[in-house]
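**Student:** So I've got this file, structure-v7.txt, and it contains compact mmCIF, C-alpha atoms:
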# COMPACT_ATOMS: atom_id res chain seq x y z
CA MET A 1 0.00 0.00 0.00
CA GLN A 2 2.73 2.36 0.94
CA LYS A 3 4.46 1.56 -2.30
CA VAL A 4 1.41 2.67 -4.25
CA GLN A 5 1.33 5.95 -2.30
CA THR A 6 4.95 6.61 -3.18
CA LYS A 7 4.32 5.87 -6.81
CA LYS A 8 1.34 8.22 -6.81
CA MET A 9 3.46 10.92 -5.24
CA ALA A 10 6.10 10.53 -7.92
CA LEU A 11 3.48 10.70 -10.65
CA PHE A 12 2.00 13.80 -9.05
CA GLY A 13 5.38 15.49 -9.06
CA MET A 14 5.89 14.55 -12.66
CA LEU A 15 2.55 16.01 -13.67
CA VAL A 16 3.29 19.26 -11.81
CA ALA A 17 6.57 19.55 -13.70
CA LEU A 18 4.81 18.80 -16.97
CA ALA A 19 2.09 21.38 -16.35
CA PHE A 20 4.74 23.94 -15.43
CA ILE A 21 6.69 23.28 -18.62
CA LEU A 22 3.55 23.48 -20.75
CA SER A 23 2.73 26.86 -19.21
CA TYR A 24 6.18 27.96 -20.30
CA VAL A 25 5.77 26.49 -23.79
CA GLU A 26 2.48 28.31 -24.13
CA SER A 27 4.07 31.61 -23.21
CA LEU A 28 6.57 31.03 -26.04
CA ILE A 29 4.04 30.30 -28.75
CA PRO A 30 2.93 33.49 -30.44
CA PHE A 31 -0.64 32.35 -30.56
CA HIS A 32 -2.87 35.39 -30.91
CA PHE A 33 -6.48 35.51 -31.90
CA GLY A 34 -6.35 39.27 -31.85
CA VAL A 35 -8.22 39.31 -28.56
CA PRO A 36 -6.19 39.45 -25.35
CA GLY A 37 -7.03 36.68 -22.92
CA VAL A 38 -7.53 33.98 -25.51
CA LYS A 39 -5.04 31.21 -25.16
CA LEU A 40 -4.76 27.51 -25.84
CA GLY A 41 -4.61 26.26 -22.27
CA LEU A 42 -2.02 23.57 -22.95
CA ALA A 43 -1.43 23.04 -19.25
CA ASN A 44 -5.05 22.05 -18.90
CA ILE A 45 -4.22 18.79 -20.68
CA VAL A 46 -2.13 17.82 -17.67
CA VAL A 47 -4.81 18.93 -15.21
CA LEU A 48 -7.32 16.81 -17.12
CA ILE A 49 -5.02 13.80 -17.05
CA GLY A 50 -4.50 14.36 -13.33
CA LEU A 51 -8.24 14.60 -12.77
CA TYR A 52 -8.85 11.30 -14.53
CA THR A 53 -5.91 9.36 -13.06
CA LEU A 54 -5.00 10.78 -9.64
CA GLY A 55 -8.41 11.99 -8.52
CA THR A 56 -10.05 15.28 -7.67
CA LYS A 57 -7.97 16.35 -4.67
CA SER A 58 -4.60 15.76 -6.28
CA ALA A 59 -5.69 17.38 -9.52
CA PHE A 60 -6.89 20.48 -7.64
CA ALA A 61 -3.52 20.79 -5.93
CA LEU A 62 -1.87 20.26 -9.30
CA SER A 63 -3.86 23.07 -10.86
CA ILE A 64 -3.19 25.58 -8.08
CA ILE A 65 0.51 24.74 -7.82
CA ARG A 66 0.87 25.18 -11.56
CA VAL A 67 -0.71 28.65 -11.48
CA LEU A 68 1.48 29.73 -8.57
CA LEU A 69 4.65 28.40 -10.18
CA ALA A 70 3.93 29.89 -13.59
CA GLY A 71 2.69 33.13 -12.02
CA PHE A 72 5.85 33.68 -10.01
CA THR A 73 8.17 32.73 -12.85
CA PHE A 74 6.63 34.12 -16.03
CA GLY A 75 3.99 36.54 -14.84
CA ASN A 76 3.49 38.99 -12.05
CA MET A 77 1.18 39.31 -9.07
CA TYR A 78 -1.32 41.18 -11.14
CA THR A 79 -1.77 38.58 -13.86
CA MET A 80 -1.62 35.80 -11.29
CA TRP A 81 -4.94 36.86 -9.77
CA TYR A 82 -6.56 36.47 -13.16
CA SER A 83 -5.02 33.06 -13.64
CA LEU A 84 -5.90 31.91 -10.15
CA ALA A 85 -9.54 32.90 -10.49
CA GLY A 86 -9.70 31.25 -13.88
CA ALA A 87 -8.00 28.07 -12.72
CA MET A 88 -10.18 27.68 -9.62
CA LEU A 89 -13.48 28.16 -11.39
CA SER A 90 -12.29 26.02 -14.26
CA PHE A 91 -11.36 23.20 -11.91
CA ILE A 92 -14.60 23.31 -9.96
CA CYS A 93 -16.62 23.09 -13.18
CA MET A 94 -14.49 20.25 -14.52
CA ALA A 95 -14.72 18.25 -11.31
CA LEU A 96 -18.50 18.72 -11.14
CA LEU A 97 -19.07 17.85 -14.76
CA LYS A 98 -16.91 14.75 -14.48
CA ARG A 99 -19.30 13.47 -11.81
CA CYS A 100 -22.29 14.03 -14.05
CA LYS A 101 -23.07 11.09 -16.23
CA GLY A 102 -22.90 11.32 -19.97
CA PHE A 103 -19.94 13.65 -20.39
CA SER A 104 -16.61 12.52 -21.76
CA ILE A 105 -13.25 14.21 -21.24
CA VAL A 106 -14.05 16.54 -24.17
CA GLY A 107 -17.12 17.93 -22.44
CA VAL A 108 -15.18 18.31 -19.21
CA SER A 109 -12.43 20.14 -21.08
CA VAL A 110 -14.91 22.49 -22.76
CA ALA A 111 -16.45 23.32 -19.38
CA GLY A 112 -12.97 23.96 -18.04
CA GLY A 113 -11.97 26.18 -20.93
CA VAL A 114 -15.14 28.24 -20.74
CA ALA A 115 -15.08 28.50 -16.94
CA HIS A 116 -11.44 29.59 -17.05
CA ASN A 117 -12.36 32.51 -19.28
CA VAL A 118 -15.45 33.33 -17.21
CA GLY A 119 -13.36 33.41 -14.03
CA GLN A 120 -10.79 35.70 -15.61
CA ILE A 121 -13.32 38.08 -17.04
CA THR A 122 -15.13 38.28 -13.70
CA VAL A 123 -11.95 39.41 -11.99
CA ALA A 124 -11.35 41.84 -14.84
CA MET A 125 -14.84 43.29 -14.38
CA ILE A 126 -14.26 43.71 -10.64
CA ILE A 127 -10.83 45.30 -11.06
CA LEU A 128 -11.67 47.53 -14.02
CA GLY A 129 -15.20 48.26 -12.84
CA LYS A 130 -16.47 48.17 -16.39
CA ASN A 131 -19.12 46.21 -18.15
CA ILE A 132 -17.34 44.14 -20.75
CA MET A 133 -20.05 41.76 -21.82
CA TYR A 134 -19.04 41.81 -25.45
CA TYR A 135 -15.56 40.71 -24.59
CA PHE A 136 -17.11 38.12 -22.32
CA ALA A 137 -19.05 36.64 -25.23
CA VAL A 138 -15.96 36.49 -27.40
CA LEU A 139 -14.08 34.64 -24.67
CA LEU A 140 -17.04 32.30 -24.23
CA VAL A 141 -16.82 31.21 -27.85
CA ALA A 142 -13.03 31.06 -27.67
CA GLY A 143 -13.26 28.87 -24.58
CA VAL A 144 -15.44 26.38 -26.42
CA VAL A 145 -13.03 26.17 -29.35
CA THR A 146 -9.86 25.77 -27.29
CA GLY A 147 -11.65 23.51 -24.79
CA THR A 148 -12.74 21.16 -27.55
CA LEU A 149 -9.24 21.04 -29.02
CA ILE A 150 -7.62 20.39 -25.65
CA GLY A 151 -10.29 17.81 -24.84
CA ILE A 152 -9.67 15.84 -28.03
CA ILE A 153 -5.91 15.91 -27.44
CA GLY A 154 -6.47 14.96 -23.80
CA ALA A 155 -8.70 12.03 -24.74
CA SER A 156 -6.07 10.43 -26.94
CA ILE A 157 -3.32 11.04 -24.38
CA LEU A 158 -5.45 9.65 -21.56
CA LYS A 159 -5.85 6.36 -23.42
CA GLN A 160 -2.10 5.84 -23.53
CA VAL A 161 -1.45 7.20 -20.05
CA ARG A 162 -4.05 4.97 -18.41
CA ARG A 163 -2.37 1.89 -19.84
CA ALA A 164 1.02 3.06 -18.62
CA PHE A 165 -0.32 3.93 -15.18
CA LYS A 166 -1.85 0.49 -14.81
CA ILE A 167 1.48 -1.15 -15.52
CA ILE A 168 3.33 1.16 -13.12
CA MET A 169 0.82 0.69 -10.31
CA SER A 170 0.68 -3.08 -10.62
CA GLU A 171 4.42 -3.56 -10.61
CA MET B 1 -17.11 12.47 -27.62
CA LYS B 2 -20.56 11.78 -26.32
CA LYS B 3 -23.93 13.26 -27.11
CA LYS B 4 -23.95 15.50 -24.05
CA ASP B 5 -20.51 16.87 -24.95
CA ILE B 6 -21.80 18.08 -28.27
CA LEU B 7 -24.90 19.47 -26.59
CA LEU B 8 -22.75 21.41 -24.12
CA ILE B 9 -20.59 22.79 -26.92
CA LEU B 10 -23.62 23.88 -28.91
CA VAL B 11 -25.37 25.50 -25.93
CA VAL B 12 -22.35 27.56 -24.90
CA LEU B 13 -21.66 28.53 -28.51
CA ALA B 14 -25.27 29.62 -28.92
CA VAL B 15 -25.12 31.77 -25.79
CA GLY B 16 -21.88 33.40 -26.93
CA VAL B 17 -23.11 34.06 -30.45
CA PHE B 18 -26.41 35.39 -29.08
CA ILE B 19 -24.65 37.93 -26.87
CA ILE B 20 -22.40 39.01 -29.73
CA MET B 21 -25.34 39.33 -32.11
CA SER B 22 -27.44 41.32 -29.65
CA PHE B 23 -24.52 43.68 -29.18
CA ARG B 24 -24.31 44.17 -32.92
CA ALA B 25 -28.06 44.74 -33.17
CA PHE B 26 -28.44 47.21 -30.30
CA LYS B 27 -25.21 49.01 -30.81
CA GLU B 28 -25.73 52.69 -30.28
CA ASP B 29 -24.66 55.12 -32.90
CA GLY B 30 -20.93 55.20 -32.74
CA GLY B 31 -18.77 58.22 -32.41
CA GLN B 32 -17.90 60.85 -34.90
CA VAL B 33 -14.73 61.83 -36.58
CA VAL B 34 -13.76 65.44 -36.57
CA VAL B 35 -11.53 66.50 -39.40
CA SER B 36 -9.57 69.68 -39.05
CA VAL B 37 -7.19 71.32 -41.48
CA ALA B 38 -4.60 73.81 -40.26
CA GLY B 39 -6.38 74.06 -36.92
CA GLU B 40 -9.77 74.83 -38.35
CA ASP B 41 -12.72 72.47 -38.43
CA TYR B 42 -13.16 71.03 -41.86
CA ALA B 43 -15.85 68.39 -41.45
CA THR B 44 -17.56 66.14 -38.93
CA LEU B 45 -18.70 62.70 -39.99
CA PRO B 46 -20.49 59.88 -38.14
CA LEU B 47 -18.48 56.68 -37.87
CA ASN B 48 -21.43 54.36 -38.35
CA LYS B 49 -22.06 55.43 -41.94
CA ASP B 50 -19.68 54.44 -44.67
CA ALA B 51 -18.36 57.51 -46.36
CA GLN B 52 -15.52 58.96 -48.30
CA LEU B 53 -14.18 62.45 -47.81
CA GLU B 54 -11.71 64.43 -49.83
CA ILE B 55 -9.63 66.77 -47.75
CA THR B 56 -7.54 69.34 -49.50
CA GLY B 57 -4.49 70.62 -47.73
CA LYS B 58 -1.30 72.40 -48.60
CA TYR B 59 0.33 69.51 -50.40
CA GLY B 60 -2.59 67.95 -52.17
CA THR B 61 -5.69 65.99 -51.47
CA ASN B 62 -6.12 63.26 -48.90
CA ILE B 63 -8.97 60.79 -49.03
CA LEU B 64 -10.49 59.70 -45.72
CA LEU B 65 -12.43 56.46 -45.83
CA ILE B 66 -15.03 55.49 -43.21
CA LYS B 67 -16.02 51.86 -43.27
CA ASP B 68 -17.42 49.41 -40.70
CA GLY B 69 -17.20 51.94 -37.90
CA THR B 70 -13.57 52.75 -38.44
CA ALA B 71 -11.84 55.55 -40.24
CA ARG B 72 -8.60 55.43 -42.14
CA MET B 73 -6.69 57.49 -44.62
CA GLU B 74 -7.04 55.93 -48.02
CA SER B 75 -4.54 58.11 -49.82
CA ALA B 76 -2.55 61.25 -49.20
CA GLY B 77 -1.17 63.90 -51.46
CA CYS B 78 1.90 64.39 -49.36
CA PRO B 79 5.22 62.63 -49.99
CA ASP B 80 5.69 60.77 -46.71
CA GLN B 81 2.39 58.80 -46.61
CA ILE B 82 2.67 58.16 -42.86
CA CYS B 83 -1.03 58.71 -42.26
CA VAL B 84 -1.91 56.17 -44.95
CA TYR B 85 -0.05 53.47 -43.05
CA HIS B 86 -1.69 54.42 -39.76
CA LYS B 87 -4.10 51.75 -38.58
CA ALA B 88 -7.82 52.42 -38.77
CA ILE B 89 -9.17 54.43 -35.82
CA GLN B 90 -12.44 53.88 -33.95
CA TYR B 91 -12.11 54.69 -30.24
CA ASN B 92 -12.39 57.98 -28.40
CA GLY B 93 -9.28 60.04 -28.76
CA ASP B 94 -7.76 58.01 -31.58
CA THR B 95 -6.17 60.28 -34.11
CA ILE B 96 -4.64 60.17 -37.53
CA ILE B 97 -2.42 63.09 -38.26
CA CYS B 98 -1.03 64.16 -41.58
CA LEU B 99 1.67 66.69 -40.78
CA PRO B 100 2.51 68.10 -44.22
CA ASN B 101 -1.13 68.78 -45.01
CA GLN B 102 -1.88 69.79 -41.42
CA ILE B 103 -4.83 67.43 -41.28
CA ILE B 104 -5.99 65.99 -37.98
CA VAL B 105 -8.66 63.31 -37.87
CA GLN B 106 -9.92 62.55 -34.38
CA VAL B 107 -12.64 60.33 -32.96
CA VAL B 108 -14.99 61.98 -30.46
CA ASP B 109 -18.13 60.88 -28.57
CA GLY B 110 -17.29 57.29 -29.32
CA GLU B 111 -16.98 54.36 -26.98
CA ASP B 112 -13.90 54.16 -24.87
CA GLN B 113 -11.52 51.38 -25.56
CA THR B 114 -12.51 48.72 -23.07
CA LEU B 115 -9.40 46.60 -23.20
CA ASP B 116 -5.86 47.35 -22.34
CA SER B 117 -2.61 45.51 -22.20
CA VAL B 118 -3.29 44.26 -18.69
CA ALA B 119 -5.93 41.82 -19.83
CA GLN B 120 -3.60 39.42 -21.54
Show how you would write the structure in this file as structure tokens.
**Tutor:**
Amino acid sequence: MQKVQTKKMALFGMLVALAFILSYVESLIPFHFGVPGVKLGLANIVVLIGLYTLGTKSAFALSIIRVLLAGFTFGNMYTMWYSLAGAMLSFICMALLKRCKGFSIVGVSVAGGVAHNVGQITVAMIILGKNIMYYFAVLLVAGVVTGTLIGIIGASILKQVRRAFKIIMSE
Amino acid sequence: MKKKDILLILVVLAVGVFIIMSFRAFKEDGGQVVVSVAGEDYATLPLNKDAQLEITGKYGTNILLIKDGTARMESAGCPDQICVYHKAIQYNGDTIICLPNQIIVQVVDGEDQTLDSVAQ
């Protein structure tokens, strides 16, 4: 039993590192839709994998640690609040939707992508004190598109990862 | 992908598109562009109506083009053509300036730019 715990811990650490690196990779890609705030959400692939393999609690920790790490290294305190709000809301929606029957990882990813944008825009509305509903709608659509993409990628990765995890855990 | 996934995608897309469409439909009349030549008012045009305006200055005639709620300089009679390469303007305070011809095109009474570099 203890052996399994140790293995899980190692996997968790690996996923954190992976999420961190993907945040960095994303900051390198000049991926602009012409609207600030729209991004791919590559790191969400790792959070999704964590959610489906390690469970809700570990995946939540994974998500928060990633935001803090990436925020301190590549961003600043100001942008970190946006990310944190986005990540939290995104995670809550993903975890809830995963419990609902009938949704696959793609649906969960879409919910995450959309909720991430909604969380960010809510903080932006509070900080700027302006009504930016139009921008909100644009991000809503963008969240669906990126969420679907990430979900499809995540689904194919999850298939491979699950097999590998089974082998590791049973050893 | 399951049925409910597709349903979720479609519902959120519909909501987003609906908000965007309603914004387009109920958009108030946009701002105006004030054109001045050598410090004197030359013309005032609404941004929401496509138009074309010839402005004659010291070094020739510039053509201001208003299209899709934005204004830009289509051509200029001056040699440096800086104003022609200026991006289209639409928000309050945006200006296109043609120095040789002393033409200033400025947006007034429009909507303020809602986004800034912070929201990245």
**Student:** Each residue of chain B lying at most 7 Å from chain A should get a row with its shortest atom-to-atom pair and the distance in Å to one decimal, counting all atoms listed in the file; could you produce that, ordered by chain and increasing number, as JSON lines?
**Tutor:**
{"residue": "B:Met1", "atom": "CA", "partner": "A:Ser104", "partner_atom": "CA", "distance": 5.9}
{"residue": "B:Lys2", "atom": "CA", "partner": "A:Ser104", "partner_atom": "CA", "distance": 6.1}
{"residue": "B:Lys4", "atom": "CA", "partner": "A:Phe103", "partner_atom": "CA", "distance": 5.7}
{"residue": "B:Asp5", "atom": "CA", "partner": "A:Gly107", "partner_atom": "CA", "distance": 4.3}
{"residue": "B:Leu8", "atom": "CA", "partner": "A:Gly107", "partner_atom": "CA", "distance": 6.8}
{"residue": "B:Ile9", "atom": "CA", "partner": "A:Val144", "partner_atom": "CA", "distance": 6.3}
{"residue": "B:Leu13", "atom": "CA", "partner": "A:Val141", "partner_atom": "CA", "distance": 5.6}
{"residue": "B:Gly16", "atom": "CA", "partner": "A:Ala137", "partner_atom": "CA", "distance": 4.6}
{"residue": "B:Ile19", "atom": "CA", "partner": "A:Ala137", "partner_atom": "CA", "distance": 6.0}
{"residue": "B:Ile20", "atom": "CA", "partner": "A:Ala137", "partner_atom": "CA", "distance": 6.1}
{"residue": "B:Phe23", "atom": "CA", "partner": "A:Tyr134", "partner_atom": "CA", "distance": 6.9}
{"residue": "B:Ala119", "atom": "CA", "partner": "A:Pro36", "partner_atom": "CA", "distance": 6.0}
{"residue": "B:Gln120", "atom": "CA", "partner": "A:Gly37", "partner_atom": "CA", "distance": 4.6}
**Student:** Just the residues within 7 Å of Asn62 (chain B), please, counting all atoms listed in the file, with nothing from its chain fewer than 3 positions along; format it as a PyMOL selection string.
**Tutor:** chain B and resi 54-56+75-77
**Student:** One decimal, Å: what's the distance from CA of Gly41 (chain A) over to CA of Val161 (chain A), could you say?
**Tutor:**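 Spanning CA of Gly41 (chain A) to CA of Val161 (chain A) is a straight-line distance of 19.4 Å.
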**Student:** Interatomic distance between CA of Lys8 (chain A) and CA of Cys100 (chain A)?
**Tutor:** 25.4 Å
**Student:** Choose the residue, out of B:Asp94, B:Gln52, B:Ala14, B:Gly57, that has the smallest atom-to-atom separation from Gly39 (chain B); count all atoms listed in the file.
**Tutor:**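 Smallest distance to Gly39 (chain B) is found for B:Gly57.
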**Student:** So for region 38-47 of chain A, what box centre and size do we get, axis-aligned, 6 Å extra on each of the six sides, every listed atom, Å to one decimal, as AutoDock Vina command-line options?
**Tutor:**
--center_x -4.5 --center_y 25.9 --center_z -20.5 --size_x 18.1 --size_y 28.2 --size_z 22.6
**Student:** Where atoms are missing, can you supply N, CA and C atoms for region 108-138 of chain A and output the lot as a CSV table (one decimal), in the coordinates of the input?
**Tutor:**
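Result file is result.csv:
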chain,number,residue,atom,x,y,z
A,108,VAL,N,-15.8,17.8,-20.4
A,108,VAL,CA,-15.2,18.3,-19.2
A,108,VAL,C,-14.2,19.4,-19.6
A,109,SER,N,-13.4,19.2,-20.6
A,109,SER,CA,-12.4,20.1,-21.1
A,109,SER,C,-13.1,21.4,-21.6
A,110,VAL,N,-14.2,21.3,-22.3
A,110,VAL,CA,-14.9,22.5,-22.8
A,110,VAL,C,-15.4,23.3,-21.6
A,111,ALA,N,-16.0,22.6,-20.6
A,111,ALA,CA,-16.4,23.3,-19.4
A,111,ALA,C,-15.3,24.0,-18.7
A,112,GLY,N,-14.1,23.4,-18.7
A,112,GLY,CA,-13.0,24.0,-18.0
A,112,GLY,C,-12.5,25.2,-18.8
A,113,GLY,N,-12.4,25.1,-20.1
A,113,GLY,CA,-12.0,26.2,-20.9
A,113,GLY,C,-12.9,27.4,-20.8
A,114,VAL,N,-14.2,27.1,-20.8
A,114,VAL,CA,-15.1,28.2,-20.7
A,114,VAL,C,-15.1,28.9,-19.3
A,115,ALA,N,-15.1,28.0,-18.3
A,115,ALA,CA,-15.1,28.5,-16.9
A,115,ALA,C,-13.8,29.3,-16.6
A,116,HIS,N,-12.7,28.9,-17.2
A,116,HIS,CA,-11.4,29.6,-17.0
A,116,HIS,C,-11.6,31.0,-17.5
A,117,ASN,N,-12.2,31.2,-18.7
A,117,ASN,CA,-12.4,32.5,-19.3
A,117,ASN,C,-13.4,33.3,-18.5
A,118,VAL,N,-14.4,32.6,-18.0
A,118,VAL,CA,-15.4,33.3,-17.2
A,118,VAL,C,-14.8,33.8,-15.9
A,119,GLY,N,-14.0,33.0,-15.3
A,119,GLY,CA,-13.4,33.4,-14.0
A,119,GLY,C,-12.5,34.6,-14.2
A,120,GLN,N,-11.7,34.6,-15.3
A,120,GLN,CA,-10.8,35.7,-15.6
A,120,GLN,C,-11.5,37.0,-15.9
A,121,ILE,N,-12.6,36.9,-16.7
A,121,ILE,CA,-13.3,38.1,-17.0
A,121,ILE,C,-14.1,38.7,-15.8
A,122,THR,N,-14.5,37.8,-14.9
A,122,THR,CA,-15.1,38.3,-13.7
A,122,THR,C,-14.2,39.1,-12.9
A,123,VAL,N,-13.0,38.6,-12.7
A,123,VAL,CA,-12.0,39.4,-12.0
A,123,VAL,C,-11.7,40.7,-12.7
A,124,ALA,N,-11.6,40.6,-14.0
A,124,ALA,CA,-11.4,41.8,-14.8
A,124,ALA,C,-12.5,42.9,-14.6
A,125,MET,N,-13.7,42.4,-14.6
A,125,MET,CA,-14.8,43.3,-14.4
A,125,MET,C,-14.8,44.0,-13.0
A,126,ILE,N,-14.4,43.2,-12.0
A,126,ILE,CA,-14.3,43.7,-10.6
A,126,ILE,C,-13.1,44.7,-10.6
A,127,ILE,N,-12.0,44.4,-11.1
A,127,ILE,CA,-10.8,45.3,-11.1
A,127,ILE,C,-11.0,46.6,-11.9
A,128,LEU,N,-11.5,46.4,-13.1
A,128,LEU,CA,-11.7,47.5,-14.0
A,128,LEU,C,-13.0,48.3,-13.8
A,129,GLY,N,-13.9,47.6,-13.1
A,129,GLY,CA,-15.2,48.3,-12.8
A,129,GLY,C,-16.0,48.6,-14.1
A,130,LYS,N,-15.8,47.9,-15.1
A,130,LYS,CA,-16.5,48.2,-16.4
A,130,LYS,C,-17.3,47.0,-16.9
A,131,ASN,N,-18.3,47.3,-17.6
A,131,ASN,CA,-19.1,46.2,-18.2
A,131,ASN,C,-18.5,45.8,-19.5
A,132,ILE,N,-18.0,44.6,-19.5
A,132,ILE,CA,-17.3,44.1,-20.8
A,132,ILE,C,-18.0,42.9,-21.3
A,133,MET,N,-19.3,42.9,-21.4
A,133,MET,CA,-20.0,41.8,-21.8
A,133,MET,C,-19.7,41.3,-23.2
A,134,TYR,N,-19.4,42.2,-24.1
A,134,TYR,CA,-19.0,41.8,-25.4
A,134,TYR,C,-17.8,41.0,-25.5
A,135,TYR,N,-16.8,41.4,-24.7
A,135,TYR,CA,-15.6,40.7,-24.6
A,135,TYR,C,-15.8,39.4,-23.9
A,136,PHE,N,-16.7,39.4,-23.0
A,136,PHE,CA,-17.1,38.1,-22.3
A,136,PHE,C,-17.6,37.1,-23.3
A,137,ALA,N,-18.5,37.5,-24.2
A,137,ALA,CA,-19.0,36.6,-25.2
A,137,ALA,C,-18.0,36.1,-26.2
A,138,VAL,N,-17.0,36.9,-26.5
A,138,VAL,CA,-16.0,36.5,-27.4
A,138,VAL,C,-15.1,35.4,-26.7
